[in-house]
>>> print(open('my_file-v8.tsv').read())   # TSV, C-alpha atoms (C1' of nucleotides)
chain	number	residue	atom	x	y	z
O	1405	MET	CA	61.65	-23.10	-160.05
O	1406	ASP	CA	65.33	-22.53	-160.02
O	1407	SER	CA	66.49	-23.05	-163.54
O	1408	LYS	CA	70.01	-23.69	-162.34
O	1409	ILE	CA	69.29	-27.26	-161.49
O	1410	PHE	CA	66.99	-28.85	-163.97
O	1411	ASN	CA	69.28	-30.73	-166.26
O	1412	LEU	CA	71.98	-32.53	-164.43
O	1413	LYS	CA	73.53	-34.07	-167.48
O	1414	SER	CA	74.35	-30.74	-168.99
O	1415	LYS	CA	75.56	-29.55	-165.61
O	1416	LEU	CA	77.90	-32.48	-165.40
O	1417	GLU	CA	79.13	-31.72	-168.88
O	1418	VAL	CA	79.65	-28.10	-167.98
O	1419	TYR	CA	81.71	-29.12	-164.96
O	1420	LYS	CA	83.62	-31.53	-167.12
O	1421	ALA	CA	84.41	-28.75	-169.55
O	1422	MET	CA	85.29	-26.36	-166.74
O	1423	SER	CA	87.80	-28.74	-165.28
O	1424	GLY	CA	89.77	-28.81	-168.49
O	1425	GLY	CA	88.65	-31.91	-170.24
O	1426	GLY	CA	87.34	-35.23	-169.09
O	1427	ASN	CA	87.99	-35.06	-165.36
O	1428	PHE	CA	85.85	-34.05	-162.40
O	1429	GLY	CA	88.80	-33.47	-160.14
O	1430	ASP	CA	88.25	-29.73	-160.05
O	1431	CYS	CA	84.45	-29.76	-160.18
O	1432	PRO	CA	83.62	-26.83	-157.91
O	1433	VAL	CA	80.63	-28.47	-156.33
O	1434	ARG	CA	82.65	-31.52	-155.45
O	1435	ASP	CA	85.30	-29.27	-154.03
O	1436	VAL	CA	82.82	-27.65	-151.67
O	1437	ILE	CA	80.86	-30.79	-150.88
O	1438	GLN	CA	83.97	-32.70	-149.92
O	1439	GLY	CA	84.89	-30.00	-147.46
O	1440	ILE	CA	81.68	-30.46	-145.54
O	1441	SER	CA	81.18	-34.16	-146.05
O	1442	GLY	CA	84.02	-35.29	-143.86
O	1443	LYS	CA	83.31	-37.79	-141.15
O	1444	TRP	CA	83.10	-35.15	-138.43
O	1445	SER	CA	82.43	-31.92	-140.29
O	1446	SER	CA	78.65	-32.00	-140.31
O	1447	LEU	CA	78.50	-33.00	-136.68
O	1448	LEU	CA	80.74	-30.13	-135.61
O	1449	VAL	CA	78.89	-27.62	-137.79
O	1450	MET	CA	75.68	-28.90	-136.26
O	1451	ALA	CA	77.02	-28.25	-132.78
O	1452	LEU	CA	78.47	-24.84	-133.61
O	1453	ALA	CA	75.20	-23.83	-135.27
O	1454	GLU	CA	73.65	-23.87	-131.83
O	1455	ARG	CA	76.26	-21.76	-130.07
O	1456	PRO	CA	80.01	-21.19	-129.95
O	1457	TYR	CA	81.98	-23.96	-128.29
O	1458	ARG	CA	85.41	-24.26	-126.80
O	1459	PHE	CA	87.82	-26.96	-127.88
O	1460	GLY	CA	87.43	-29.06	-124.80
O	1461	GLU	CA	83.67	-28.71	-124.87
O	1462	LEU	CA	83.54	-30.09	-128.38
O	1463	ARG	CA	85.80	-32.93	-127.38
O	1464	ARG	CA	83.46	-33.85	-124.56
O	1465	LEU	CA	80.37	-33.35	-126.74
O	1466	VAL	CA	81.67	-35.76	-129.37
O	1467	PRO	CA	83.48	-38.28	-127.22
O	1468	ASP	CA	84.54	-40.60	-130.00
O	1469	ILE	CA	86.45	-38.03	-132.01
O	1470	SER	CA	90.18	-38.15	-131.53
O	1471	GLN	CA	91.85	-34.94	-130.47
O	1472	ARG	CA	93.88	-35.02	-133.64
O	1473	MET	CA	90.81	-35.20	-135.88
O	1474	LEU	CA	89.02	-32.52	-133.87
O	1475	THR	CA	91.98	-30.19	-134.35
O	1476	GLN	CA	92.21	-30.99	-138.02
O	1477	THR	CA	88.51	-30.86	-138.83
O	1478	LEU	CA	88.18	-27.49	-137.09
O	1479	TYR	CA	91.23	-26.29	-138.98
O	1480	ASP	CA	89.72	-27.36	-142.29
O	1481	LEU	CA	86.38	-25.77	-141.48
O	1482	GLN	CA	88.19	-22.59	-140.54
O	1483	ARG	CA	90.20	-22.67	-143.71
O	1484	ASP	CA	87.07	-22.98	-145.82
O	1485	GLY	CA	85.55	-20.01	-144.03
O	1486	TYR	CA	82.80	-21.80	-142.14
O	1487	VAL	CA	84.27	-21.46	-138.68
O	1488	HIS	CA	85.86	-18.62	-136.76
O	1489	ARG	CA	88.58	-19.38	-134.23
O	1490	GLU	CA	89.23	-16.96	-131.41
O	1491	VAL	CA	91.94	-17.30	-128.81
O	1492	PHE	CA	91.38	-15.69	-125.41
O	1493	PRO	CA	94.51	-14.77	-123.46
O	1494	THR	CA	93.42	-16.40	-120.24
O	1495	LYS	CA	95.97	-18.13	-118.05
O	1496	PRO	CA	95.70	-21.38	-119.90
O	1497	PRO	CA	94.72	-19.80	-123.23
O	1498	SER	CA	91.23	-20.83	-124.18
O	1499	VAL	CA	90.00	-21.08	-127.73
O	1500	GLU	CA	86.47	-20.54	-128.89
O	1501	TYR	CA	85.06	-21.79	-132.17
O	1502	SER	CA	81.97	-20.29	-133.77
O	1503	LEU	CA	80.18	-20.33	-137.10
O	1504	THR	CA	80.82	-17.51	-139.54
O	1505	ASP	CA	78.09	-16.02	-141.71
O	1506	LEU	CA	79.19	-18.34	-144.49
O	1507	GLY	CA	78.97	-21.24	-142.09
O	1508	ARG	CA	75.47	-20.30	-141.02
O	1509	SER	CA	74.46	-19.85	-144.64
O	1510	MET	CA	75.76	-23.33	-145.41
O	1511	PHE	CA	74.05	-24.80	-142.39
O	1512	ALA	CA	70.62	-23.86	-143.72
O	1513	PRO	CA	70.58	-26.50	-146.48
O	1514	LEU	CA	72.67	-28.90	-144.41
O	1515	GLN	CA	70.03	-28.73	-141.72
O	1516	LEU	CA	67.39	-29.89	-144.20
O	1517	LEU	CA	69.51	-32.91	-145.00
O	1518	ILE	CA	69.97	-33.61	-141.31
O	1519	GLN	CA	66.24	-33.28	-140.87
O	1520	TRP	CA	65.68	-35.77	-143.66
O	1521	ALA	CA	68.11	-38.14	-142.01
O	1522	GLU	CA	66.29	-37.76	-138.75
O	1523	LEU	CA	62.95	-38.57	-140.33
O	1524	ASN	CA	64.19	-41.45	-142.45
O	1525	HIS	CA	66.85	-43.25	-140.51
O	1526	ASP	CA	64.36	-46.00	-139.75
O	1527	ALA	CA	63.76	-46.56	-143.45
O	1528	VAL	CA	67.49	-46.68	-144.06
O	1529	ARG	CA	68.09	-49.10	-141.24
O	1530	GLU	CA	65.29	-51.31	-142.53
O	1531	ALA	CA	66.67	-51.25	-146.05
O	1532	ARG	CA	70.06	-52.16	-144.68
O	1533	ALA	CA	68.68	-55.03	-142.63
O	1534	ALA	CA	66.64	-56.33	-145.58
O	1535	PHE	CA	69.65	-56.14	-147.84
O	1536	ASP	CA	71.89	-57.96	-145.41
O	1537	ALA	CA	69.24	-60.64	-144.91
O	1538	ALA	CA	68.94	-61.11	-148.68
O	1539	GLN	CA	72.69	-61.44	-149.04
O	1540	ALA	CA	72.93	-64.16	-146.40
P	529	MET	CA	58.37	-23.97	-138.27
P	530	ASP	CA	59.38	-27.50	-137.64
P	531	SER	CA	59.70	-27.83	-133.92
P	532	LYS	CA	61.91	-30.85	-134.36
P	533	ILE	CA	64.98	-28.78	-135.03
P	534	PHE	CA	65.05	-25.70	-132.90
P	535	ASN	CA	67.25	-26.65	-130.04
P	536	LEU	CA	70.29	-28.52	-131.12
P	537	LYS	CA	71.73	-28.90	-127.68
P	538	SER	CA	68.77	-30.87	-126.47
P	539	LYS	CA	68.83	-32.87	-129.69
P	540	LEU	CA	72.44	-33.74	-129.09
P	541	GLU	CA	71.61	-34.74	-125.57
P	542	VAL	CA	68.73	-36.85	-126.77
P	543	TYR	CA	71.02	-38.63	-129.21
P	544	LYS	CA	73.56	-39.04	-126.47
P	545	ALA	CA	70.94	-40.63	-124.26
P	546	MET	CA	69.66	-42.80	-127.12
P	547	SER	CA	73.06	-44.21	-127.78
P	548	GLY	CA	73.28	-45.51	-124.26
P	549	GLY	CA	75.37	-43.02	-122.41
P	550	GLY	CA	77.96	-40.53	-123.42
P	551	ASN	CA	78.77	-41.63	-126.94
P	552	PHE	CA	77.57	-40.52	-130.34
P	553	GLY	CA	78.65	-43.70	-132.08
P	554	ASP	CA	75.09	-44.80	-132.71
P	555	CYS	CA	73.58	-41.37	-133.29
P	556	PRO	CA	71.00	-42.14	-135.99
P	557	VAL	CA	71.55	-38.94	-137.90
P	558	ARG	CA	75.26	-39.56	-138.04
P	559	ASP	CA	74.58	-43.06	-139.21
P	560	VAL	CA	72.54	-41.80	-142.15
P	561	ILE	CA	74.71	-38.78	-142.93
P	562	GLN	CA	77.83	-40.88	-143.06
P	563	GLY	CA	76.25	-43.15	-145.62
P	564	ILE	CA	75.70	-40.28	-148.01
P	565	SER	CA	78.74	-38.21	-147.16
P	566	GLY	CA	81.28	-40.51	-148.70
P	567	LYS	CA	83.72	-39.09	-151.18
P	568	TRP	CA	81.76	-40.38	-154.18
P	569	SER	CA	78.24	-40.95	-152.85
P	570	SER	CA	76.79	-37.54	-153.51
P	571	LEU	CA	78.29	-37.38	-156.97
P	572	LEU	CA	76.79	-40.74	-157.94
P	573	VAL	CA	73.41	-39.91	-156.43
P	574	MET	CA	73.55	-36.65	-158.35
P	575	ALA	CA	74.14	-38.53	-161.57
P	576	LEU	CA	71.50	-41.18	-160.90
P	577	ALA	CA	68.97	-38.51	-160.00
P	578	GLU	CA	69.00	-37.49	-163.61
P	579	ARG	CA	68.47	-40.93	-165.11
P	580	PRO	CA	69.50	-44.55	-164.58
P	581	TYR	CA	73.05	-45.32	-165.54
P	582	ARG	CA	74.99	-48.44	-166.35
P	583	PHE	CA	78.18	-49.32	-164.56
P	584	GLY	CA	80.48	-48.41	-167.41
P	585	GLU	CA	78.62	-45.19	-168.06
P	586	LEU	CA	79.18	-44.09	-164.49
P	587	ARG	CA	82.81	-44.99	-164.74
P	588	ARG	CA	83.19	-42.82	-167.82
P	589	LEU	CA	81.12	-40.04	-166.28
P	590	VAL	CA	83.34	-39.88	-163.21
P	591	PRO	CA	86.72	-40.64	-164.69
P	592	ASP	CA	88.72	-40.28	-161.51
P	593	ILE	CA	86.85	-42.88	-159.52
P	594	SER	CA	88.57	-46.22	-159.30
P	595	GLN	CA	86.55	-49.20	-160.38
P	596	ARG	CA	86.86	-50.63	-156.93
P	597	MET	CA	85.39	-47.56	-155.28
P	598	LEU	CA	82.62	-47.33	-157.85
P	599	THR	CA	81.63	-50.91	-157.12
P	600	GLN	CA	81.79	-50.36	-153.40
P	601	THR	CA	80.03	-47.02	-153.30
P	602	LEU	CA	77.18	-48.34	-155.42
P	603	TYR	CA	77.02	-51.39	-153.17
P	604	ASP	CA	76.78	-49.20	-150.09
P	605	LEU	CA	74.13	-46.97	-151.66
P	606	GLN	CA	72.19	-50.05	-152.63
P	607	ARG	CA	72.49	-51.48	-149.15
P	608	ASP	CA	71.13	-48.29	-147.62
P	609	GLY	CA	68.17	-48.41	-149.98
P	610	TYR	CA	69.00	-45.39	-152.12
P	611	VAL	CA	69.91	-47.24	-155.28
P	612	HIS	CA	68.33	-50.09	-157.19
P	613	ARG	CA	70.57	-52.51	-159.07
P	614	GLU	CA	69.18	-54.47	-161.98
P	615	VAL	CA	71.08	-57.07	-163.97
P	616	PHE	CA	70.03	-57.69	-167.57
P	617	PRO	CA	70.85	-61.13	-168.97
P	618	THR	CA	72.51	-59.87	-172.12
P	619	LYS	CA	75.50	-61.74	-173.50
P	620	PRO	CA	77.96	-59.80	-171.44
P	621	PRO	CA	75.52	-59.15	-168.59
P	622	SER	CA	74.79	-55.46	-168.24
P	623	VAL	CA	73.85	-53.81	-164.97
P	624	GLU	CA	71.71	-50.74	-164.54
P	625	TYR	CA	71.68	-48.57	-161.47
P	626	SER	CA	68.80	-46.25	-160.62
P	627	LEU	CA	67.52	-44.26	-157.68
P	628	THR	CA	64.81	-45.74	-155.50
P	629	ASP	CA	61.99	-43.67	-154.06
P	630	LEU	CA	64.00	-43.35	-150.89
P	631	GLY	CA	66.96	-42.19	-152.93
P	632	ARG	CA	64.91	-39.58	-154.74
P	633	SER	CA	63.44	-38.45	-151.44
P	634	MET	CA	66.95	-38.04	-150.05
P	635	PHE	CA	68.13	-36.23	-153.15
P	636	ALA	CA	65.66	-33.41	-152.57
P	637	PRO	CA	67.52	-31.92	-149.57
P	638	LEU	CA	70.88	-33.00	-150.94
P	639	GLN	CA	70.14	-31.02	-154.07
P	640	LEU	CA	69.68	-27.89	-151.99
P	641	LEU	CA	73.09	-28.41	-150.46
P	642	ILE	CA	74.58	-28.93	-153.92
P	643	GLN	CA	72.86	-25.79	-155.05
P	644	TRP	CA	74.37	-23.89	-152.14
P	645	ALA	CA	77.79	-25.26	-153.05
P	646	GLU	CA	77.29	-24.16	-156.61
P	647	LEU	CA	76.38	-20.63	-155.56
P	648	ASN	CA	79.07	-20.29	-152.92
P	649	HIS	CA	82.12	-22.11	-154.13
P	650	ASP	CA	83.71	-18.79	-155.00
P	651	ALA	CA	83.29	-17.58	-151.44
P	652	VAL	CA	84.79	-20.81	-150.14
P	653	ARG	CA	87.72	-20.62	-152.50
P	654	GLU	CA	88.35	-17.03	-151.50
P	655	ALA	CA	88.20	-17.90	-147.81
P	656	ARG	CA	90.65	-20.68	-148.44
P	657	ALA	CA	93.03	-18.44	-150.34
P	658	ALA	CA	92.82	-15.72	-147.68
P	659	PHE	CA	93.47	-18.26	-144.95
P	660	ASP	CA	96.44	-19.74	-146.73
P	661	ALA	CA	97.85	-16.28	-147.37
P	662	ALA	CA	97.47	-15.36	-143.69
P	663	GLN	CA	99.24	-18.53	-142.63
P	664	ALA	CA	102.22	-17.85	-144.86
G	286	DG	C1'	92.49	-65.51	-183.57
G	287	DT	C1'	92.92	-61.23	-181.66
G	288	DT	C1'	90.46	-57.43	-180.00
G	289	DT	C1'	86.43	-55.19	-177.58
G	290	DA	C1'	83.08	-54.69	-174.23
G	291	DT	C1'	80.58	-56.31	-170.22
G	292	DG	C1'	80.96	-55.81	-164.70
G	293	DG	C1'	83.37	-57.13	-161.61
G	294	DT	C1'	87.26	-59.25	-157.93
G	295	DC	C1'	92.08	-59.59	-156.07
G	296	DT	C1'	96.41	-57.82	-154.61
G	297	DC	C1'	99.43	-54.44	-153.20
G	298	DA	C1'	100.89	-49.61	-152.27
G	299	DA	C1'	99.63	-45.05	-150.56
G	300	DA	C1'	96.89	-42.02	-147.92
G	301	DA	C1'	93.90	-41.00	-144.12
G	302	DA	C1'	92.24	-41.78	-139.53
G	303	DG	C1'	92.51	-43.36	-134.66
G	304	DA	C1'	95.15	-44.21	-130.06
G	305	DG	C1'	97.88	-42.50	-127.06
G	306	DA	C1'	102.22	-40.27	-125.39
G	307	DC	C1'	104.14	-35.80	-124.80
G	308	DC	C1'	104.47	-30.52	-124.10
G	309	DA	C1'	104.35	-25.77	-121.86
G	310	DG	C1'	102.31	-22.65	-118.64
G	311	DC	C1'	99.78	-21.60	-114.72
G	312	DG	C1'	96.70	-22.43	-110.47
G	313	DC	C1'	95.62	-25.31	-106.78
G	314	DT	C1'	96.64	-27.98	-102.95
G	315	DA	C1'	98.90	-31.03	-99.79
K	812	DT	C1'	107.46	-26.66	-102.81
K	813	DA	C1'	106.44	-30.80	-105.25
K	814	DG	C1'	102.98	-32.82	-107.44
K	815	DC	C1'	98.48	-32.58	-110.09
K	816	DG	C1'	95.21	-31.08	-113.45
K	817	DC	C1'	93.44	-28.05	-116.90
K	818	DT	C1'	94.22	-25.54	-121.30
K	819	DG	C1'	94.78	-26.72	-126.60
K	820	DG	C1'	97.54	-28.74	-129.13
K	821	DT	C1'	101.57	-31.65	-131.73
K	822	DC	C1'	104.25	-36.09	-132.64
K	823	DT	C1'	104.55	-40.90	-133.47
K	824	DC	C1'	102.75	-45.40	-134.35
K	825	DT	C1'	99.21	-48.56	-135.85
K	826	DT	C1'	95.09	-49.63	-138.21
K	827	DT	C1'	91.71	-48.64	-141.63
K	828	DT	C1'	90.40	-46.79	-145.99
K	829	DT	C1'	91.38	-45.65	-150.61
K	830	DG	C1'	93.62	-45.85	-155.11
K	831	DA	C1'	96.12	-48.24	-159.15
K	832	DG	C1'	96.31	-51.74	-161.67
K	833	DA	C1'	96.33	-56.68	-162.98
K	834	DC	C1'	93.23	-60.48	-163.70
K	835	DC	C1'	88.72	-63.03	-165.05
K	836	DA	C1'	84.95	-65.21	-168.06
K	837	DT	C1'	81.93	-64.66	-171.79
K	838	DA	C1'	80.63	-63.71	-176.41
K	839	DA	C1'	80.34	-60.87	-180.43
K	840	DA	C1'	82.84	-58.35	-183.93
K	841	DC	C1'	86.70	-57.94	-187.00
>>> encode(input="my_file-v8.tsv", output="structure tokens")
Amino acid sequence: MDSKIFNLKSKLEVYKAMSGGGNFGDCPVRDVIQGISGKWSSLLVMALAERPYRFGELRRLVPDISQRMLTQTLYDLQRDGYVHREVFPTKPPSVEYSLTDLGRSMFAPLQLLIQWAELNHDAVREARAAFDAAQA
Amino acid sequence: MDSKIFNLKSKLEVYKAMSGGGNFGDCPVRDVIQGISGKWSSLLVMALAERPYRFGELRRLVPDISQRMLTQTLYDLQRDGYVHREVFPTKPPSVEYSLTDLGRSMFAPLQLLIQWAELNHDAVREARAAFDAAQA
DNA sequence: GTTTATGGTCTCAAAAAGAGACCAGCGCTA
DNA sequence: TAGCGCTGGTCTCTTTTTGAGACCATAAAC
């Protein structure tokens, strides 16, 4: 057992103390989680975990992301050290995005969550339908 | 090994096909992931994984969540079947929120991601600082 | 009778996201 | 040689989401 996570309450209190009194704004876990819990982040990490992709490829792979959000999400992932951006000096310069070691390390647990989602999306959809039916 | 996740590209293409041609809007994994990747969702699930909480307790535990977002996030988590909401007919009615079996099942992989965040937030913060320094 | 606590909802302002135009450079082709 | 598309973006505008805070009803405590 990992003793690090066995008492959440005290963890929360530790974070609370760490952030300088009564506020979770600087909770380190939240800081990290928010970076990867964006609307598009997990999807892009998922794609890049398979192989490096170019900008246009990603845009075509995820058709309903706006170019602006693709740019920005990749920028944020790069800033947090998950993604490496490499520009090739071809005639129209091409840009390749790939996962860093940190990114791959983060993908390991993320993948388990994705796997859970894959196995349980039916249960979630049923719960949602039941809830909506009960509300009506 | 779980053969379900070994070739992401084909997975992506399967999702693409499932969603009726060239769009990830209905990708089931995305559907589930988005439900738990909200700004406050993981934090609240984290808290409720420890024990049931009342509305006001959660508000005090997470001081920088607005009451509106607490209400709405709990509503969404309840709708997706992760959280159970029970109203007690006390004089000012009190409401208790707790994790369902589905919620606890989902927390297992989420916890691993949280654990990763806990162990690696320094690396992320360093990457961020290095990136910002390089930009300047 | 004023305050306190319960768990919300409602309104309005601020922030984030999406849609789409625009840009520069080069190759292709008509 | 004039147009066209491909590259990876940025800029602006509109819509959606989020946050801040007032308001609400009830009942007990003070």
>>> residues_around(input="my_file-v8.tsv", residues="DC822 of chain K", least_positions_apart="5", cutoff="12 Å", atoms="all atoms listed in the file", output="list of chain:residue names")
O:Arg1472, G:DG305, G:DA306, G:DC307, G:DC308
>>> atom_distance(input="my_file-v8.tsv", atom1="atom CA of Leu1481 of chain O", atom2="atom CA of Leu576 of chain P")
28.9 Å
>>> closest_atom_pairs(input="my_file-v8.tsv", of="chain G", to="chain P", cutoff="10 Å", atoms="only C-alpha atoms (C1' of nucleotides)", output="Markdown table")
| residue | atom | partner | partner_atom | distance |
| --- | --- | --- | --- | --- |
| G:DA290 | C1' | P:Pro620 | CA | 7.8 |
| G:DT291 | C1' | P:Pro620 | CA | 4.5 |
| G:DG292 | C1' | P:Phe583 | CA | 7.1 |
| G:DG293 | C1' | P:Thr599 | CA | 7.9 |
| G:DT294 | C1' | P:Arg596 | CA | 8.7 |
>>> atom_distance(input="my_file-v8.tsv", atom1="atom CA of Gln600 of chain P", atom2="atom C1' of DA833 of chain K")
18.5 Å
>>> interface_residues(input="my_file-v8.tsv", of="chain K", to="chain P", cutoff="12 Å", atoms="only C-alpha atoms (C1' of nucleotides)", output="PyMOL selection string")
chain K and resi 828-832+836-839
>>> atom_distance(input="my_file-v8.tsv", atom1="atom CA of Gly1507 of chain O", atom2="atom CA of Pro637 of chain P")
17.4 Å
>>> closest_residue(input="my_file-v8.tsv", among="P:Asp629, P:Glu585, P:Asp559, P:Glu614", to="chain O", atoms="only C-alpha atoms")
P:Asp559
>>> interface_residues(input="my_file-v8.tsv", of="chain O", to="chain P", cutoff="6 Å", atoms="all atoms listed in the file", output="list in words")
Leu1412, Asn1427, Val1433, Val1436, Ser1441, Glu1454, Pro1467, Arg1483, Asp1484, Gly1485, Pro1513, Leu1516, Leu1517, Ala1521, Glu1522, Val1528, Ala1531, Arg1532 and Phe1535 of chain O
>>> write_last_selection(input="my_file-v8.tsv", atoms="C-alpha atoms", output="compact mmCIF listing (two decimals), keeping the file's coordinate frame")
# COMPACT_ATOMS: atom_id res chain seq x y z
CA LEU O 1412 71.98 -32.53 -164.43
CA ASN O 1427 87.99 -35.06 -165.36
CA VAL O 1433 80.63 -28.47 -156.33
CA VAL O 1436 82.82 -27.65 -151.67
CA SER O 1441 81.18 -34.16 -146.05
CA GLU O 1454 73.65 -23.87 -131.83
CA PRO O 1467 83.48 -38.28 -127.22
CA ARG O 1483 90.20 -22.67 -143.71
CA ASP O 1484 87.07 -22.98 -145.82
CA GLY O 1485 85.55 -20.01 -144.03
CA PRO O 1513 70.58 -26.50 -146.48
CA LEU O 1516 67.39 -29.89 -144.20
CA LEU O 1517 69.51 -32.91 -145.00
CA ALA O 1521 68.11 -38.14 -142.01
CA GLU O 1522 66.29 -37.76 -138.75
CA VAL O 1528 67.49 -46.68 -144.06
CA ALA O 1531 66.67 -51.25 -146.05
CA ARG O 1532 70.06 -52.16 -144.68
CA PHE O 1535 69.65 -56.14 -147.84
